[in-house]
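Before any comments, here is the structure.
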Amino acid sequence: MKLFKIRTVADLTKNYIITSSKLKVAHFSIIALTICTTFAIIANIRAPVFLQILLFLLGGFLIYKINFKLKSFRYNLDFYLILRESLLYVLHTNRLYTTSKDSSGYEKIIRSAILEYELDRQKGHVLIKALITGDEFSKKVQSLDSVLSGALGLELEEKIIRPSFTEYHFYYIKPERLVLQSHNQRQEIDSLDIDIDLGYGVNYNPIKCPNILVSGGTGSGKSFFISFLMLEFLKRQSTVYIADPKNSDLGSLSYYFGEEYVATTPNNISRIVRQVLEQLHERYQYMRENFQYGANFSEHGFKPIWLIFDEMGAFQASGTDKKSKEVIVEVMDGIKQIILLGRQAGVFILISAQQMRAETLNTDLRDNLGLRIALGANSSEGYRMVFGSATPDKLKPIEVKGAGYLYMQGSGKETAQYWESPYLDTTQFDFIKELQLYITKLK
């Protein structure tokens with residue numbers, strides 16, 4: 001690839017000198033010629049037998065090195081050549097071209113749809129751009145999903161239609177799922193610029209993409225994922241508050257965090273939401289009094305505050321009388337303020353629900369949750385309630401526990417992507433033991 005540049009364009013009107021088959025023939029021809037020439041020269045040298053044997057060994061080693069270099073060179077080129085030939089095959093078999101006959105009756109291709117491609121060998125990423133030029137092929141090249149998948153033998157990860165081309169994204173190297181490892185000592189992270197590794201090629205930074213929504217039914221892996229995030233927040237010296245109206249696994253953590261930080265009843269949930277809001281407003285007051293243009297909470301010496309609100313749908317359903325409904329209204333108003341104002345002050349929220357509905361969280365607030373995750377199998381409507389306009393057109397089946405779809409604002413992805421959450425093996429990873437490394441006061 002360094003000797004010359006291959007045209008990374010598939011266009012049936014062009015003639016391509018280099019092909020994978022020609023490269024293969026050239027490779028073996030050079031090796032055959034080298035073998036014949038080397039051994040013919042050695043055979044004609046008048047020398048003692050032991051010297052001729054030595055020369056034959058040296059000749060064999062030379063041929064091996066030449067073959068290794070040629071093989072490496074051909075291997076690097078073959079990726080591009082085979083990809084181009086696959087795209088030319090797609091253009092030809094789908095008749096994405098027009099022909100014209102010359103005076104002798106010979107039919108020639110005069111115009112063709114054009115497919116450009118880029119290959120990132122390190123990430124295993126293939127990007128194909130189908131150019132939209134306003135001709136009769138422009139409509140067809142916007143719907144090559146299954147055709148390209150079949151030709152490349154790869155599953156389409158993302159499709160983006162832009163004004164002048166349609167992007168088709170494929171990966172031939174599967175991202176690695178993060179496997180959680182136990183530690184014997186605290187793993188504190190001082191810098192908030194260090195992202196949280198969510199595995200599967202996804203890194204999350206709440207300063208750049210504030211607030212989280214996690215949706216998933218029973219057995220989806222939602223609780224394990226929230227537990228993982230909680231540890232990551234604590235590693236970054238965050239203050240964590242927990243609201244668990246069902247009083248399930250997260251509610252039981254009051255033994256470790258203390259009742260000041262964990263609430264399970266509507267009134268106590270209202271109390272910790274007020275506490276979080278008070279700290280939010282205190283931080284804004286301090287930052288106004290010590291104004292620094294463009295500075296955020298970390299530059300004023302503040303650490304993040306996280307409110308983890310589990311099963312929000314269950315909390316709203318608990319409003320059975322006037323008083324309890326007033327508490328719910330107060331809490332939801334506080335959550336709205338945290339979502340809309342919390343980023344600058346370093347106050348964030350993680351909301352989870354088994355099933356997202358418009359009544360659980362209105363779409364305006366949902367769209368202000370930067371990281372949105374739907375774990376486990378879901379209906380098309382369920383995905384739309386989580387991702388809105390970022391819902392993918394085609395959804396692959398969820399066959400792995402802890403897998404689902406993820407959308408992160410500012411990631412460059414226009415729709416939610418398939419994703420597998422960090423793997424937590426309960427026989428190898430003791431969550432409580434890990435938690436105790438960061439919780440100094442047991443209540």
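Here, A, B, ... name the chains of the structure tokens in the order displayed, residue numbers run from 1 inside each chain, and ligands are numbered from 1 in the same displayed order.
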Quick one: which range 288-407 of chain A residues come within 12 Å of range 174-180 of chain A, and what is the nearest atom pair for each with the distance in Å to one decimal, counting only C-alpha atoms, rows ordered by chain and ascending number, as a Markdown table?
| residue | atom | partner | partner_atom | distance |
| --- | --- | --- | --- | --- |
| A:Val400 | CA | A:Arg177 | CA | 11.3 |
| A:Lys401 | CA | A:Arg177 | CA | 12.0 |
| A:Gly402 | CA | A:Arg177 | CA | 10.3 |
| A:Ala403 | CA | A:Arg177 | CA | 9.8 |
Report as a ChimeraX atom specification all protein, DNA and RNA residues lying within 9 Å of Arg283 in chain A, evaluated on only C-alpha atoms, omitting residues in the same chain fewer than 4 positions from it. /A:278-279,287-288,297,302,345-346
Dump of N, CA and C atoms for the selected residues, as a CSV table (one decimal), in the first residue's frame:
chain,number,residue,atom,x,y,z
A,278,GLU,N,-30.8,20.9,46.7
A,278,GLU,CA,-30.2,21.9,47.5
A,278,GLU,C,-28.7,22.0,47.2
A,279,GLN,N,-28.1,20.9,47.0
A,279,GLN,CA,-26.6,20.9,46.6
A,279,GLN,C,-26.4,21.5,45.2
A,287,MET,N,-20.6,29.1,42.2
A,287,MET,CA,-20.0,29.3,40.9
A,287,MET,C,-20.3,30.8,40.4
A,288,ARG,N,-21.4,31.3,40.8
A,288,ARG,CA,-21.7,32.7,40.4
A,288,ARG,C,-20.9,33.6,41.2
A,297,PHE,N,-18.2,22.5,37.0
A,297,PHE,CA,-18.1,22.2,38.4
A,297,PHE,C,-16.7,21.6,38.9
A,302,PHE,N,-15.5,20.8,42.7
A,302,PHE,CA,-16.6,19.9,43.1
A,302,PHE,C,-16.5,18.5,42.4
A,345,ALA,N,-23.4,22.0,37.1
A,345,ALA,CA,-23.1,21.9,38.5
A,345,ALA,C,-22.5,20.5,38.9
A,346,GLY,N,-22.5,19.6,37.9
A,346,GLY,CA,-22.0,18.2,38.2
A,346,GLY,C,-23.0,17.4,38.9
Tell me which protein, DNA and RNA residues are within 7 Å of range 210-212 of chain A, counting only C-alpha atoms, leaving out same-chain ones fewer than 2 positions away, and put them as a PyMOL selection string. chain A and resi 206-208+214+343+348-351+369-372
Measure the distance from CA of Val347 in chain A to CA of Gly219 in chain A in Å and round it to one decimal.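 Taking CA of Val347 in chain A and CA of Gly219 in chain A, their separation equals 29.6 Å.
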Which residues are near range 220-222 of chain A? Cut-off 7 Å, only C-alpha atoms, ignore same chain within fewer than 3 positions. Put them as a PyMOL selection string. chain A and resi 216-217+225-226+375-376+401-402
